[in-house]
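*Asks:* Attaching a single structure in structure tokens format; questions to follow.
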4 protein chains.
Amino acid sequence: MLTNRRDVQIQWGDCDPANIVYYPRYFAMFDDSTSSLFEAAGCSKRDIINVYGLVGIPMVDTRAKFYVPSSYGDWITIESRIEKFNRSSFEVTHKVTKGEALAIEAFETRVLVGRDPADPARLKSTAVPAEIIEKFMRG
Amino acid sequence: MLTNRRDVQIQWGDCDPANIVYYPRYFAMFDDSTSSLFEAAGCSKRDIINVYGLVGIPMVDTRAKFYVPSSYGDWITIESRIEKFNRSSFEVTHKVTKGEALAIEAFETRVLVGRDPADPARLKSTAVPAEIIEKFMRG
Amino acid sequence: MLTNRRDVQIQWGDCDPANIVYYPRYFAMFDDSTSSLFEAAGCSKRDIINVYGLVGIPMVDTRAKFYVPSSYGDWITIESRIEKFNRSSFEVTHKVTKGEALAIEAFETRVLVGRDPADPARLKSTAVPAEIIEKFMRG
Amino acid sequence: MLTNRRDVQIQWGDCDPANIVYYPRYFAMFDDSTSSLFEAAGCSKRDIINVYGLVGIPMVDTRAKFYVPSSYGDWITIESRIEKFNRSSFEVTHKVTKGEALAIEAFETRVLVGRDPADPARLKSTAVPAEIIEKFMRG
């Protein structure tokens, strides 16, 4: 399946008083990486929301293991891919490397959600459209 | 062991265009919750850093499962406790409830780190001082 | 006019490698402070959005002058008040003190906006309802 | 003087429930832009900290005027330059454009600070080294 790779430079505001990345910032980078992966597949999150009348692709389960810290000014590479599509969810992995070293391994499970027609204040999961899955298969 | 509970109101800036919490913000809330837990035990992160000459208590492994979304203005309760102390690491759980509902379950493994005497640019894990463990046992 | 005062403890993730608050975090605190001010007046941002069919109260102009830095664990007090209502905008000041010292002075001008009926993708400013202004006058 | 220009795509996590950028995120982008400007001048913030024994380049005064909102997926261009060097401070402007439109105008005044030799817990401003000023003049 399609793999997306992007280089990210650690910014001053990403780092804590120990001068290592404040870990919630990594999750923000991973969220951006999943967005980039969809854009690389030819179906940006914005398109998905507009075309299929959805409201987002929220997280249902995520885990990250941190092996090597990074500091202000460092460059890391984030390699992201969808491992598996389920009916209304899918699983993504992010592998972060810093030079040759494996720095972080993360996975996430997300769902496509729209408004519940019975109660628009509620969110409801939606089956992943087959044409979206195909775009990742081609990758 | 000591359990710390705090109520948090979801702020406008915590939420994404779907008007649900942008999940990296939950990790920031959990980081604050672990800090609060240490403060409740009578050894704030600031004390630990000053007294033991450390630089921080970074994350090595964290996972969160999201069951119920929250929106701007909602109140959630975060209940945090250390489940286990290892030699230089410890395990924390955060249970988030929204009213009666279990909204999120999270766990984290953290280490105490100082500067490596052989190379101050590097971080090195440190054994958890016995007197810190005792403070949580009393809770 | 109504003044709202709240105490905020500087968190680990608010601070940068110099162990002082990363200044964009202060603007997040000010945004929360303006929300608190509305809540104290008896008309939360959530109510305003629901009752008047608005989408938000975005910033049009903001300035902050930083006199005294704060670090992890410090407590600051943020005192916020609306200085003036204009037709569809209003002006807020935030005065931050740390102990006896004046730490930051900030002001902001915000507008009430709804969707433009002619093009719902666009935002359009709305006159501030008189009943909202009255709630702040009583303060 | 040297001008640095960079294109930034608005991310999902930059936006609030109104699907416009949560304004504190713009200040984070401006902080990154000032870092990029220094890097473009050949003296990264990391170099400055290491070479001159400083601890950071904190903000003393900043203002931003927001004319045109941006939403998830939009691209903006941030053009940054130092307008003036003072003894230990300097003034930066950031001009944000979205297509042809001027979207935001921001300015900031920053200082170079090191540790106070008399009390390392305190920060003390430092004269801007002449060789740093020269690097921006050449731009």
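Scheme for the structure tokens: letters A, B, ... for chains in order shown; per-chain residue numbers from 1; ligand numbers from 1 in order shown.
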At a cut-off of 7 Å, list the chain B residues touching chain D, using only C-alpha atoms, as a PyMOL selection string.
*Replies:* chain B and resi 12-13+15-19+22
*Asks:* Residues of the last selection are to be written out with all heavy atoms, as an mmCIF file, in the first residue's frame.
*Replies:*
data_model
loop_
_atom_site.group_PDB
_atom_site.id
_atom_site.type_symbol
_atom_site.label_atom_id
_atom_site.label_comp_id
_atom_site.auth_asym_id
_atom_site.auth_seq_id
_atom_site.Cartn_x
_atom_site.Cartn_y
_atom_site.Cartn_z
ATOM 1 N N TRP B 12 -12.141 26.026 23.787
ATOM 2 C CA TRP B 12 -12.318 26.279 22.352
ATOM 3 C C TRP B 12 -11.093 25.798 21.557
ATOM 4 O O TRP B 12 -11.218 25.092 20.554
ATOM 5 C CB TRP B 12 -12.510 27.788 22.161
ATOM 6 C CG TRP B 12 -12.767 28.238 20.764
ATOM 7 C CD1 TRP B 12 -11.872 28.846 19.926
ATOM 8 C CD2 TRP B 12 -13.999 28.137 20.045
ATOM 9 N NE1 TRP B 12 -12.479 29.134 18.729
ATOM 10 C CE2 TRP B 12 -13.782 28.715 18.775
ATOM 11 C CE3 TRP B 12 -15.267 27.632 20.345
ATOM 12 C CZ2 TRP B 12 -14.778 28.792 17.803
ATOM 13 C CZ3 TRP B 12 -16.257 27.706 19.371
ATOM 14 C CH2 TRP B 12 -16.009 28.270 18.127
ATOM 15 N N GLY B 13 -9.915 26.149 22.024
ATOM 16 C CA GLY B 13 -8.675 25.811 21.318
ATOM 17 C C GLY B 13 -8.286 24.346 21.436
ATOM 18 O O GLY B 13 -7.333 23.910 20.797
ATOM 19 N N CYS B 15 -10.396 22.079 20.517
ATOM 20 C CA CYS B 15 -11.283 21.389 19.567
ATOM 21 C C CYS B 15 -10.930 21.665 18.109
ATOM 22 O O CYS B 15 -10.422 22.729 17.766
ATOM 23 C CB CYS B 15 -12.734 21.797 19.829
ATOM 24 S SG CYS B 15 -13.263 21.307 21.482
ATOM 25 N N ASP B 16 -11.243 20.694 17.277
ATOM 26 C CA ASP B 16 -10.939 20.748 15.848
ATOM 27 C C ASP B 16 -12.187 21.164 15.062
ATOM 28 O O ASP B 16 -13.225 21.459 15.668
ATOM 29 C CB ASP B 16 -10.389 19.382 15.424
ATOM 30 C CG ASP B 16 -11.437 18.274 15.476
ATOM 31 O OD1 ASP B 16 -12.639 18.555 15.592
ATOM 32 O OD2 ASP B 16 -11.033 17.101 15.389
ATOM 33 N N PRO B 17 -12.102 21.223 13.725
ATOM 34 C CA PRO B 17 -13.264 21.665 12.942
ATOM 35 C C PRO B 17 -14.503 20.777 13.104
ATOM 36 O O PRO B 17 -15.612 21.216 12.794
ATOM 37 C CB PRO B 17 -12.744 21.645 11.497
ATOM 38 C CG PRO B 17 -11.277 21.926 11.650
ATOM 39 C CD PRO B 17 -10.882 21.163 12.888
ATOM 40 N N ALA B 18 -14.346 19.543 13.589
ATOM 41 C CA ALA B 18 -15.521 18.701 13.868
ATOM 42 C C ALA B 18 -16.107 19.031 15.241
ATOM 43 O O ALA B 18 -17.068 18.391 15.672
ATOM 44 C CB ALA B 18 -15.138 17.223 13.791
ATOM 45 N N ASN B 19 -15.540 20.034 15.908
ATOM 46 C CA ASN B 19 -15.924 20.405 17.287
ATOM 47 C C ASN B 19 -15.802 19.236 18.262
ATOM 48 O O ASN B 19 -16.645 19.047 19.138
ATOM 49 C CB ASN B 19 -17.307 21.046 17.372
ATOM 50 C CG ASN B 19 -17.552 21.673 18.762
ATOM 51 O OD1 ASN B 19 -16.609 21.942 19.510
ATOM 52 N ND2 ASN B 19 -18.812 21.882 19.108
ATOM 53 N N TYR B 22 -9.194 17.768 19.632
ATOM 54 C CA TYR B 22 -8.057 17.374 18.787
ATOM 55 C C TYR B 22 -7.179 16.484 19.672
ATOM 56 O O TYR B 22 -6.648 16.947 20.679
ATOM 57 C CB TYR B 22 -7.333 18.658 18.380
ATOM 58 C CG TYR B 22 -6.104 18.482 17.542
ATOM 59 C CD1 TYR B 22 -6.164 17.856 16.302
ATOM 60 C CD2 TYR B 22 -4.866 18.976 17.977
ATOM 61 C CE1 TYR B 22 -5.030 17.723 15.532
ATOM 62 C CE2 TYR B 22 -3.736 18.846 17.205
ATOM 63 C CZ TYR B 22 -3.822 18.218 15.985
ATOM 64 O OH TYR B 22 -2.684 18.083 15.212
#
*Asks:* Please report, as a list in words, each residue of region 10-77 of chain C to which DSSP assigns strand (DSSP E or B) when run on this structure's backbone.
*Replies:*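 Going through region 10-77 of chain C, the strand (DSSP E or B) residues come out as Cys15, Val21, Leu54, Val55, Gly56, Met59, Val60, Asp61, Thr62, Arg63, Ala64, Lys65, Phe66, Trp75, Ile76 and Thr77 of chain C.
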*Asks:* Counting only C-alpha atoms, which of D:Tyr52, D:Glu108, D:Arg5, D:Asp116 gets nearest to Lys65 (chain C)?
*Replies:* D:Glu108
*Asks:* At a cut-off of 7 Å, using only C-alpha atoms, what residues contact region 90-100 of chain D? Leave out same-chain residues fewer than 3 positions from it and give the result as an NGL selection string.
*Replies:* :D and (75-86 or 103-111)
*Asks:* Within 12 Å of Glu39 (chain C), counting only C-alpha atoms, which residues show up once you throw out same-chain ones fewer than 2 positions away? Write them as a ChimeraX atom specification, please.
*Replies:* /B:11,73 /C:2-4,32-37,41-48,132,135-136,139
*Asks:* Could you tell me which of D:Leu54, D:Pro69, D:Ala101, D:Val60 comes closest to Val128 (chain D) if we count only C-alpha atoms?
*Replies:*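 Of the candidates, the smallest distance to Val128 (chain D) is held by D:Leu54.
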*Asks:* DSSP on the backbone, then: every residue of region 23-122 of chain D marked alpha helix (DSSP H), written as a ChimeraX atom specification.
*Replies:* /D:23-40,45-52
*Asks:* Calculate how many Å separate CA of Tyr67 (chain A) from CA of Pro58 (chain B), rounding to one decimal.
*Replies:*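 That distance, rounded to one decimal, is 10.9 Å.
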*Asks:* Just to confirm, what's the straight-line distance from CA of Phe66 (chain D) to CA of Met59 (chain C) in Å (one decimal)?
*Replies:*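 Spanning CA of Phe66 (chain D) to CA of Met59 (chain C) is a straight-line distance of 7.0 Å.
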*Asks:* Kindly give the distance, in Å, that separates CA of Ser125 (chain D) and CA of Val113 (chain D), rounded to a single decimal.
*Replies:*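 Separating CA of Ser125 (chain D) from CA of Val113 (chain D) is a distance of 4.2 Å.
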*Asks:* Find, counting only C-alpha atoms, the residue in C:Val55, C:Val68, C:Met137, C:Ala28 that gets nearest to Leu123 (chain C).
*Replies:*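 Looking at the shortest contact to Leu123 (chain C), the residue is C:Val55.
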